[in-house]
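Novice: Contents are mmCIF, C-alpha atoms; file name final-v8.cif:
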data_input
loop_
_atom_site.label_atom_id
_atom_site.label_comp_id
_atom_site.auth_asym_id
_atom_site.auth_seq_id
_atom_site.Cartn_x
_atom_site.Cartn_y
_atom_site.Cartn_z
CA MET A 23 45.76 54.50 -3.01
CA ASP A 24 45.54 58.08 -4.12
CA LEU A 25 43.90 57.21 -7.44
CA LEU A 26 40.66 56.40 -5.59
CA ASN A 27 40.43 60.07 -4.60
CA TYR A 28 39.55 60.96 -8.18
CA ALA A 29 36.02 60.42 -9.45
CA PHE A 30 37.16 59.60 -12.99
CA MET A 31 39.40 56.81 -11.67
CA GLN A 32 36.56 55.40 -9.56
CA ARG A 33 34.43 55.26 -12.69
CA ALA A 34 37.28 53.78 -14.72
CA LEU A 35 37.96 51.03 -12.17
CA LEU A 36 34.28 50.11 -11.96
CA ALA A 37 34.09 49.93 -15.75
CA ALA A 38 37.30 47.87 -15.81
CA VAL A 39 35.89 45.29 -13.38
CA LEU A 40 32.71 44.95 -15.43
CA VAL A 41 34.71 44.56 -18.63
CA GLY A 42 36.94 41.96 -16.98
CA ILE A 43 33.85 39.92 -16.10
CA THR A 44 31.82 40.25 -19.28
CA ALA A 45 34.48 39.89 -21.98
CA PRO A 46 35.73 36.38 -20.97
CA ALA A 47 32.17 35.33 -20.08
CA VAL A 48 31.14 35.80 -23.70
CA GLY A 49 34.51 34.87 -25.14
CA ILE A 50 34.38 31.32 -23.82
CA TYR A 51 31.42 30.59 -26.11
CA LEU A 52 33.07 32.28 -29.09
CA VAL A 53 36.22 30.21 -28.58
CA GLN A 54 34.14 27.01 -28.42
CA ARG A 55 32.37 28.05 -31.65
CA ARG A 56 35.72 28.87 -33.33
CA GLN A 57 34.62 32.47 -33.79
CA ALA A 58 37.46 34.06 -31.87
CA LEU A 59 37.64 37.07 -34.19
CA MET A 60 33.93 37.86 -34.06
CA GLY A 61 34.51 40.57 -31.44
CA ASP A 62 37.00 42.26 -33.74
CA GLY A 63 34.44 42.39 -36.56
CA ILE A 64 31.75 43.77 -34.27
CA GLY A 65 34.24 46.39 -33.07
CA HIS A 66 34.61 47.64 -36.63
CA VAL A 67 30.84 47.89 -37.03
CA ALA A 68 30.48 49.67 -33.67
CA MET A 69 32.61 52.52 -35.00
CA THR A 70 29.68 53.58 -37.17
CA GLY A 71 27.52 53.73 -34.04
CA VAL A 72 30.06 55.92 -32.26
CA GLY A 73 30.19 58.28 -35.24
CA LEU A 74 26.39 58.43 -35.43
CA GLY A 75 26.23 59.22 -31.72
CA PHE A 76 28.37 62.31 -32.24
CA LEU A 77 26.56 63.27 -35.44
CA LEU A 78 23.09 63.00 -33.88
CA ASN A 79 24.24 64.40 -30.52
CA THR A 80 23.17 61.29 -28.62
CA SER A 81 25.04 58.85 -26.37
CA PRO A 82 27.80 57.15 -28.41
CA VAL A 83 27.60 54.11 -26.10
CA TRP A 84 23.91 53.47 -26.69
CA MET A 85 24.15 54.26 -30.39
CA ALA A 86 27.15 51.91 -30.72
CA THR A 87 25.15 49.23 -28.89
CA THR A 88 22.26 49.57 -31.34
CA VAL A 89 24.47 49.47 -34.43
CA SER A 90 26.59 46.60 -33.02
CA VAL A 91 23.51 44.48 -32.32
CA LEU A 92 22.19 45.10 -35.83
CA GLY A 93 25.62 44.26 -37.23
CA ALA A 94 25.83 41.06 -35.18
CA ILE A 95 22.41 39.96 -36.42
CA LEU A 96 23.48 40.67 -40.00
CA MET A 97 26.68 38.68 -39.44
CA GLU A 98 24.66 35.67 -38.27
CA LEU A 99 22.32 35.96 -41.26
CA ILE A 100 25.33 36.05 -43.57
CA ARG A 101 26.75 33.00 -41.82
CA TRP A 102 23.47 31.12 -42.33
CA TYR A 103 22.71 32.14 -45.91
CA GLY A 104 25.91 33.64 -47.33
CA ARG A 105 27.53 30.37 -48.39
CA THR A 106 30.52 30.95 -50.68
CA ARG A 107 30.07 34.73 -50.83
CA GLY A 108 29.75 35.13 -47.09
CA ASP A 109 33.36 36.12 -46.51
CA ILE A 110 33.11 38.95 -49.05
CA ALA A 111 29.92 40.25 -47.46
CA LEU A 112 31.51 40.16 -44.01
CA ALA A 113 34.58 42.02 -45.26
CA MET A 114 32.38 44.76 -46.72
CA LEU A 115 30.43 44.95 -43.47
CA PHE A 116 33.58 45.31 -41.35
CA TYR A 117 35.35 47.87 -43.52
CA GLY A 118 32.13 49.72 -44.19
CA GLY A 119 31.58 50.02 -40.45
CA MET A 120 35.05 51.45 -39.95
CA ALA A 121 34.70 53.90 -42.83
CA GLY A 122 31.25 54.96 -41.67
CA GLY A 123 32.55 55.74 -38.20
CA VAL A 124 35.36 57.93 -39.52
CA MET A 125 33.01 59.74 -41.90
CA PHE A 126 30.22 60.41 -39.40
CA ILE A 127 32.48 61.61 -36.62
CA ASN A 128 34.18 64.07 -38.98
CA LEU A 129 30.79 65.37 -40.14
CA ALA A 130 29.64 65.89 -36.53
CA PRO A 131 29.95 69.48 -35.22
CA THR A 132 31.50 68.29 -31.94
CA GLY A 133 33.36 65.30 -33.34
CA SER A 134 37.04 64.92 -34.10
CA ASN A 135 39.61 62.20 -34.68
CA ALA A 136 40.67 62.64 -31.06
CA ASN A 137 37.17 61.62 -29.96
CA LEU A 138 37.32 58.57 -32.18
CA THR A 139 40.75 57.55 -30.89
CA SER A 140 39.47 57.38 -27.31
CA TYR A 141 36.86 54.83 -28.45
CA LEU A 142 39.29 52.89 -30.60
CA PHE A 143 41.95 52.36 -27.93
CA GLY A 144 40.22 53.27 -24.65
CA SER A 145 40.58 56.29 -22.40
CA LEU A 146 40.31 56.49 -18.62
CA SER A 147 39.62 60.20 -18.30
CA THR A 148 36.63 60.16 -20.68
CA VAL A 149 34.50 57.57 -18.82
CA SER A 150 31.51 59.65 -17.72
CA GLU A 151 28.74 58.90 -15.23
CA SER A 152 26.32 58.22 -18.09
CA ASP A 153 28.85 55.79 -19.57
CA VAL A 154 29.10 53.94 -16.26
CA THR A 155 25.31 53.69 -16.04
CA ALA A 156 25.12 52.29 -19.56
CA ILE A 157 28.00 49.88 -18.91
CA CYS A 158 26.37 48.58 -15.70
CA LEU A 159 23.05 47.92 -17.46
CA LEU A 160 24.68 46.25 -20.45
CA ALA A 161 27.01 44.18 -18.24
CA ALA A 162 24.02 42.94 -16.21
CA PHE A 163 22.41 41.72 -19.44
CA VAL A 164 25.60 39.91 -20.49
CA VAL A 165 26.01 38.19 -17.10
CA LEU A 166 22.37 37.09 -17.03
CA VAL A 167 22.63 35.54 -20.49
CA THR A 168 26.03 33.88 -20.11
CA LEU A 169 25.24 32.39 -16.70
CA GLY A 170 21.49 31.84 -16.96
CA LEU A 171 21.70 30.02 -20.31
CA ARG A 172 25.16 28.52 -19.89
CA ARG A 173 24.03 24.92 -20.43
CA GLN A 174 22.14 25.71 -23.62
CA LEU A 175 24.83 28.02 -25.01
CA PHE A 176 27.54 25.46 -24.24
CA ALA A 177 25.59 22.68 -25.97
CA VAL A 178 25.14 24.77 -29.11
CA SER A 179 28.76 25.89 -29.06
CA GLN A 180 29.99 22.30 -28.82
CA ASP A 181 27.79 20.61 -31.43
CA GLU A 182 24.99 22.40 -33.25
CA GLU A 183 23.60 19.25 -34.83
CA PHE A 184 23.37 17.40 -31.51
CA ALA A 185 21.79 20.46 -29.87
CA ARG A 186 19.24 20.64 -32.68
CA VAL A 187 18.36 16.96 -32.25
CA THR A 188 17.79 17.49 -28.53
CA GLY A 189 15.23 20.19 -29.32
CA LEU A 190 17.20 23.34 -28.54
CA PRO A 191 16.43 26.45 -30.63
CA VAL A 192 19.88 26.54 -32.20
CA ARG A 193 19.40 29.56 -34.43
CA ALA A 194 17.85 31.62 -31.66
CA LEU A 195 20.71 30.73 -29.30
CA ASN A 196 23.31 31.54 -31.97
CA LEU A 197 21.62 34.88 -32.51
CA LEU A 198 21.56 35.54 -28.77
CA THR A 199 25.29 34.74 -28.54
CA ALA A 200 26.02 37.21 -31.35
CA ILE A 201 23.91 39.92 -29.70
CA THR A 202 25.59 39.32 -26.35
CA ALA A 203 29.00 39.61 -28.01
CA ALA A 204 27.91 42.90 -29.57
CA VAL A 205 26.79 44.24 -26.21
CA THR A 206 30.09 43.16 -24.66
CA VAL A 207 32.05 45.09 -27.28
CA THR A 208 30.25 48.30 -26.36
CA VAL A 209 30.72 47.58 -22.66
CA ALA A 210 34.48 47.29 -23.17
CA MET A 211 35.12 50.06 -25.68
CA ARG A 212 35.56 52.86 -23.12
CA VAL A 213 38.26 50.92 -21.24
CA VAL A 214 39.96 48.65 -23.76
CA GLY A 215 38.91 50.20 -27.06
CA LEU A 216 37.02 48.80 -30.04
CA LEU A 217 40.13 47.55 -31.82
CA LEU A 218 41.51 45.66 -28.82
CA VAL A 219 38.40 44.27 -27.13
CA SER A 220 38.55 40.98 -29.05
CA ALA A 221 41.82 40.11 -27.30
CA LEU A 222 40.17 40.43 -23.89
CA MET A 223 37.36 38.16 -25.03
CA VAL A 224 39.65 35.41 -26.29
CA VAL A 225 43.08 35.43 -24.60
CA PRO A 226 41.88 34.96 -20.96
CA VAL A 227 39.89 31.93 -22.12
CA ALA A 228 42.90 30.51 -23.97
CA ALA A 229 45.03 31.12 -20.87
CA ALA A 230 42.53 29.37 -18.60
CA GLN A 231 42.43 26.37 -20.95
CA GLN A 232 46.13 25.82 -20.30
CA LEU A 233 45.25 24.75 -16.75
CA THR A 234 41.92 22.99 -17.12
CA ARG A 235 39.53 21.56 -19.69
CA SER A 236 36.43 21.73 -17.49
CA PHE A 237 33.96 24.34 -18.74
CA ALA A 238 33.07 25.61 -15.27
CA ALA A 239 36.70 25.87 -14.17
CA THR A 240 37.74 27.51 -17.45
CA PHE A 241 34.90 30.03 -17.09
CA ALA A 242 35.88 30.93 -13.52
CA ILE A 243 39.62 31.18 -14.22
CA ALA A 244 39.07 33.22 -17.40
CA VAL A 245 36.90 35.73 -15.54
CA ALA A 246 39.47 35.92 -12.73
CA ILE A 247 42.20 36.63 -15.28
CA GLY A 248 40.01 39.21 -16.99
CA VAL A 249 39.30 41.12 -13.79
CA THR A 250 42.96 40.96 -12.71
CA VAL A 251 44.38 42.30 -15.97
CA THR A 252 41.76 45.03 -16.42
CA ILE A 253 42.33 46.36 -12.90
CA GLY A 254 46.10 45.97 -13.27
CA GLY A 255 46.10 47.69 -16.65
CA THR A 256 43.91 50.55 -15.41
CA VAL A 257 46.12 51.18 -12.37
CA THR A 258 49.29 50.94 -14.46
CA SER A 259 47.84 53.35 -16.99
CA TYR A 260 47.16 55.90 -14.25
CA TYR A 261 50.61 55.76 -12.66
CA GLN A 262 52.72 55.31 -15.81
CA ASN A 263 50.63 57.48 -18.17
CA VAL A 264 50.35 54.75 -20.81
CA PRO A 265 47.32 53.75 -22.95
CA PRO A 266 44.92 51.61 -20.88
CA GLY A 267 43.74 49.38 -23.71
CA ALA A 268 47.22 48.44 -24.87
CA THR A 269 48.38 47.89 -21.29
CA ILE A 270 45.47 45.58 -20.51
CA VAL A 271 46.00 43.51 -23.66
CA LEU A 272 49.76 43.17 -23.04
CA LEU A 273 49.07 42.04 -19.46
CA THR A 274 46.57 39.51 -20.79
CA ILE A 275 49.12 38.10 -23.22
CA ALA A 276 51.70 37.98 -20.41
CA ALA A 277 49.23 35.98 -18.30
CA PHE A 278 48.75 33.56 -21.19
CA VAL A 279 52.51 33.07 -21.60
CA ALA A 280 52.99 32.56 -17.85
CA LEU A 281 50.19 30.00 -17.57
CA THR A 282 51.41 28.18 -20.66
CA ALA A 283 54.87 27.88 -19.11
CA LEU A 284 53.30 26.67 -15.86
CA ALA A 285 50.99 24.16 -17.56
CA ALA A 286 53.76 22.08 -19.18
CA PRO A 287 55.47 20.89 -15.96
CA LEU A 288 52.09 20.37 -14.29
CA ALA A 289 51.00 18.14 -17.17
CA ARG A 290 54.22 16.12 -16.93
CA ARG A 291 53.78 15.77 -13.18
CA ARG A 292 50.21 14.51 -13.60
CA ALA A 293 51.36 12.05 -16.26
CA ARG A 294 54.09 10.66 -13.97
CA ALA A 295 51.63 10.37 -11.08
CA LEU A 296 49.17 8.51 -13.31
CA ALA A 297 51.89 6.18 -14.56
CA ALA A 298 53.04 5.49 -11.00
CA ALA A 299 49.51 4.68 -9.90
CA GLN A 300 48.98 2.28 -12.83
CA PRO A 301 49.49 -1.35 -11.72
CA ALA A 302 52.08 -3.47 -13.48
CA GLY A 303 50.94 -5.64 -16.35
CA ASP A 304 48.27 -4.83 -18.88
CA PRO A 305 46.90 -1.27 -18.93
CA ALA A 306 43.49 -0.92 -17.34
CA GLU A 307 41.74 -0.41 -20.66
CA CYS A 308 43.36 -3.57 -22.10
CA ALA A 309 42.92 -5.84 -19.08
CA ILE A 310 40.55 -8.81 -19.49
CA PRO A 311 37.82 -9.03 -16.84
CA ALA A 312 38.31 -12.16 -14.76
CA ASN A 313 34.73 -13.40 -15.06
CA ARG A 314 34.74 -13.15 -18.88
CA ALA A 315 38.14 -14.84 -19.17
CA ALA A 316 36.92 -17.73 -17.01
CA ASP A 317 33.83 -18.23 -19.16
CA GLY A 318 35.84 -18.16 -22.35
CA LYS A 319 33.66 -15.36 -23.73
CA VAL A 320 36.34 -12.86 -24.56
CA GLY A 321 35.61 -10.93 -27.76
CA VAL A 322 36.61 -7.79 -29.58
#
Would it be possible to restate this file's structure as C-alpha cells?

Specialist:
Amino acid sequence: MDLLNYAFMQRALLAAVLVGITAPAVGIYLVQRRQALMGDGIGHVAMTGVGLGFLLNTSPVWMATTVSVLGAILMELIRWYGRTRGDIALAMLFYGGMAGGVMFINLAPTGSNANLTSYLFGSLSTVSESDVTAICLLAAFVVLVTLGLRRQLFAVSQDEEFARVTGLPVRALNLLTAITAAVTVTVAMRVVGLLLVSALMVVPVAAAQQLTRSFAATFAIAVAIGVTVTIGGTVTSYYQNVPPGATIVLLTIAAFVALTALAAPLARRRARALAAAQPAGDPAECAIPANRAADGKVGV
C-alpha cells in the first residue's frame, strides 16, 4: 500500500487505531449510564482548549485535554448539585465552550478558522509527531482505566445505589468516567473531529449490542468495530480525498445498520432452536417438581 510510504499517513493510521480502541472502550460505560451525548458536550468544551492552545502558543492537544477534564468535572458537579437548573447550566457550558474556542482562535496570531475546522472535523495531514506522542500517552491512560477498573465502572454504570451499598466510591468512579471520556475526546479530535467523536463512542457499542448482551463480548466487538471503521475511514479518506471524520462516522453507522439486519434472523433462529429443544407439555418454568407434587406441598 503506497499510503504507508508517507509519514503523515503512518501517523494518521496509528492515531486512528488508538481512537478506534479508546472511543468504544469509554462509550460502553456512557451507554450503560444513559449519557450517550456526554462526548458531544465535552467536544464543545474542548474547543475552548484548542483556541487557548493557539492563543498561548502551546500544544492544542494538551490544552484541550486540560480544559476538557475541567469541563467534565464541572459537568459531574452540575449533575450532582444542579437539580432542576442543571440543564440550563450544561447548555451554557456547552455553548460557552464553543464560543470561547471560536473567539480565542481568532485572537491568536497564528490561528484561523481553517485551523479550527481541522479540529472540528478531523484532518489526516495535520497529525504531527507531537500529536501522536500525546495521543499515545492519553490512550494508554484510557485503556488502563477502562480495563483495569472495568468491574467497578460496570457496577456503577448499572446501578449506582447497589454499587454504593456494596461500598464502592460511586462519586469518585463517576468522576473518573467523566475524566476518561474527556481524555478520549481529545485523543479522537485529530482523526474524527470534536463534533463527530461522540458517534464513535456510542454507535459501535450500539452495533455490538445487536449481537450480544454480554458485557465482555459487547466490549470486544465494539472495539473491533471501532478499529475497523477508523482504519477503513482513514484509508478511504486518503484515496478518495474525502473528510476522514465524516467517512469514519458514516462507516460506523453502516456497520450498525448491517449488524441490526443480521441480528433479526439470528434472534429468530435462536428462538426456533430453543422452542424445538423445549420438551412437550408444561414449560420448564411452570413444571411442578415430582418430589413436591408427590408430597402434596405445591404452593405459589

Novice: What does the distance between CA of Ile110 (chain A) and CA of Ala94 (chain A) come to in Å, to one decimal place?

Specialist: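 These atoms are spaced 15.8 Å apart.
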
Novice: Place a sphere of radius 7 Å on (46.0, 40.8, -17.7) in the file coordinates and name every protein, DNA or RNA residue with an atom inside or on its surface, counting only C-alpha atoms; give the answer as a VMD selection string.

Specialist: chain A and resid 247 to 248 250 to 252 254 to 255 270 to 277

Novice: For Gly73 (chain A), which of A:Phe241, A:Tyr141, A:Tyr103, A:Phe163 is the closest residue, counting all atoms listed in the file?

Specialist: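 Between A:Phe241, A:Tyr141, A:Tyr103, A:Phe163, the residue approaching Gly73 (chain A) most closely is A:Tyr141.
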
Novice: Translate the PyMOL selection byres ((chain A and resi 132) around 12), as applied to the file shown, into an explicit residue set as a VMD selection string.

Specialist: chain A and resid 73 to 80 126 to 131 133 to 138

Novice: With all atoms listed in the file as the basis for distance, which of A:Gly144, A:Gly93, A:Gly49, A:Gly63 is at the shortest distance from Ile201 (chain A)?

Specialist: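 Using all atoms listed in the file, Ile201 (chain A) sits closest to A:Gly93.
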
Novice: Using the chain letters and residue numbers of this document, give as a PyMOL selection string the residues selected by the PyMOL selection byres ((chain A and resi 119-123) around 7).

Specialist: chain A and resi 66-73+115-118+124-127

Novice: Neighbourhood query: residues within 12 Å of (30.0, 44.0, -23.7), file coordinates, counting all atoms listed in the file; return as a ChimeraX atom specification.

Specialist: /A:37-49,61,64-65,68,83-84,86-87,90-91,156-165,167-168,199-216,219-220,222-223

Novice: Could those selected residues go to a file with C-alpha atoms, as a JSON list (two decimals), in the coordinates of the input?

Specialist:
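Written output follows (again_1.json):
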[["chain", "number", "residue", "atom", "x", "y", "z"],
["A", 37, "ALA", "CA", 34.09, 49.93, -15.75],
["A", 38, "ALA", "CA", 37.30, 47.87, -15.81],
["A", 39, "VAL", "CA", 35.89, 45.29, -13.38],
["A", 40, "LEU", "CA", 32.71, 44.95, -15.43],
["A", 41, "VAL", "CA", 34.71, 44.56, -18.63],
["A", 42, "GLY", "CA", 36.94, 41.96, -16.98],
["A", 43, "ILE", "CA", 33.85, 39.92, -16.10],
["A", 44, "THR", "CA", 31.82, 40.25, -19.28],
["A", 45, "ALA", "CA", 34.48, 39.89, -21.98],
["A", 46, "PRO", "CA", 35.73, 36.38, -20.97],
["A", 47, "ALA", "CA", 32.17, 35.33, -20.08],
["A", 48, "VAL", "CA", 31.14, 35.80, -23.70],
["A", 49, "GLY", "CA", 34.51, 34.87, -25.14],
["A", 61, "GLY", "CA", 34.51, 40.57, -31.44],
["A", 64, "ILE", "CA", 31.75, 43.77, -34.27],
["A", 65, "GLY", "CA", 34.24, 46.39, -33.07],
["A", 68, "ALA", "CA", 30.48, 49.67, -33.67],
["A", 83, "VAL", "CA", 27.60, 54.11, -26.10],
["A", 84, "TRP", "CA", 23.91, 53.47, -26.69],
["A", 86, "ALA", "CA", 27.15, 51.91, -30.72],
["A", 87, "THR", "CA", 25.15, 49.23, -28.89],
["A", 90, "SER", "CA", 26.59, 46.60, -33.02],
["A", 91, "VAL", "CA", 23.51, 44.48, -32.32],
["A", 156, "ALA", "CA", 25.12, 52.29, -19.56],
["A", 157, "ILE", "CA", 28.00, 49.88, -18.91],
["A", 158, "CYS", "CA", 26.37, 48.58, -15.70],
["A", 159, "LEU", "CA", 23.05, 47.92, -17.46],
["A", 160, "LEU", "CA", 24.68, 46.25, -20.45],
["A", 161, "ALA", "CA", 27.01, 44.18, -18.24],
["A", 162, "ALA", "CA", 24.02, 42.94, -16.21],
["A", 163, "PHE", "CA", 22.41, 41.72, -19.44],
["A", 164, "VAL", "CA", 25.60, 39.91, -20.49],
["A", 165, "VAL", "CA", 26.01, 38.19, -17.10],
["A", 167, "VAL", "CA", 22.63, 35.54, -20.49],
["A", 168, "THR", "CA", 26.03, 33.88, -20.11],
["A", 199, "THR", "CA", 25.29, 34.74, -28.54],
["A", 200, "ALA", "CA", 26.02, 37.21, -31.35],
["A", 201, "ILE", "CA", 23.91, 39.92, -29.70],
["A", 202, "THR", "CA", 25.59, 39.32, -26.35],
["A", 203, "ALA", "CA", 29.00, 39.61, -28.01],
["A", 204, "ALA", "CA", 27.91, 42.90, -29.57],
["A", 205, "VAL", "CA", 26.79, 44.24, -26.21],
["A", 206, "THR", "CA", 30.09, 43.16, -24.66],
["A", 207, "VAL", "CA", 32.05, 45.09, -27.28],
["A", 208, "THR", "CA", 30.25, 48.30, -26.36],
["A", 209, "VAL", "CA", 30.72, 47.58, -22.66],
["A", 210, "ALA", "CA", 34.48, 47.29, -23.17],
["A", 211, "MET", "CA", 35.12, 50.06, -25.68],
["A", 212, "ARG", "CA", 35.56, 52.86, -23.12],
["A", 213, "VAL", "CA", 38.26, 50.92, -21.24],
["A", 214, "VAL", "CA", 39.96, 48.65, -23.76],
["A", 215, "GLY", "CA", 38.91, 50.20, -27.06],
["A", 216, "LEU", "CA", 37.02, 48.80, -30.04],
["A", 219, "VAL", "CA", 38.40, 44.27, -27.13],
["A", 220, "SER", "CA", 38.55, 40.98, -29.05],
["A", 222, "LEU", "CA", 40.17, 40.43, -23.89],
["A", 223, "MET", "CA", 37.36, 38.16, -25.03]]

Novice: Would you give me, as JSON lines, each residue of region 32-120 of chain A having an atom within 7 Å of an atom of region 170-186 of chain A, along with its shortest atom pair and that distance in Å to one decimal, using all atoms listed in the file and sorting by chain and residue number?

Specialist:
{"residue": "A:Tyr51", "atom": "CA", "partner": "A:Ser179", "partner_atom": "CA", "distance": 6.2}
{"residue": "A:Gln54", "atom": "CA", "partner": "A:Ser179", "partner_atom": "CA", "distance": 5.5}
{"residue": "A:Arg55", "atom": "CA", "partner": "A:Ser179", "partner_atom": "CA", "distance": 4.9}

Novice: Report, in Å with one decimal, the straight-line distance from CA of Phe278 (chain A) to CA of Phe143 (chain A).

Specialist: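 We find that CA of Phe278 (chain A) and CA of Phe143 (chain A) lie 21.1 Å from each other.
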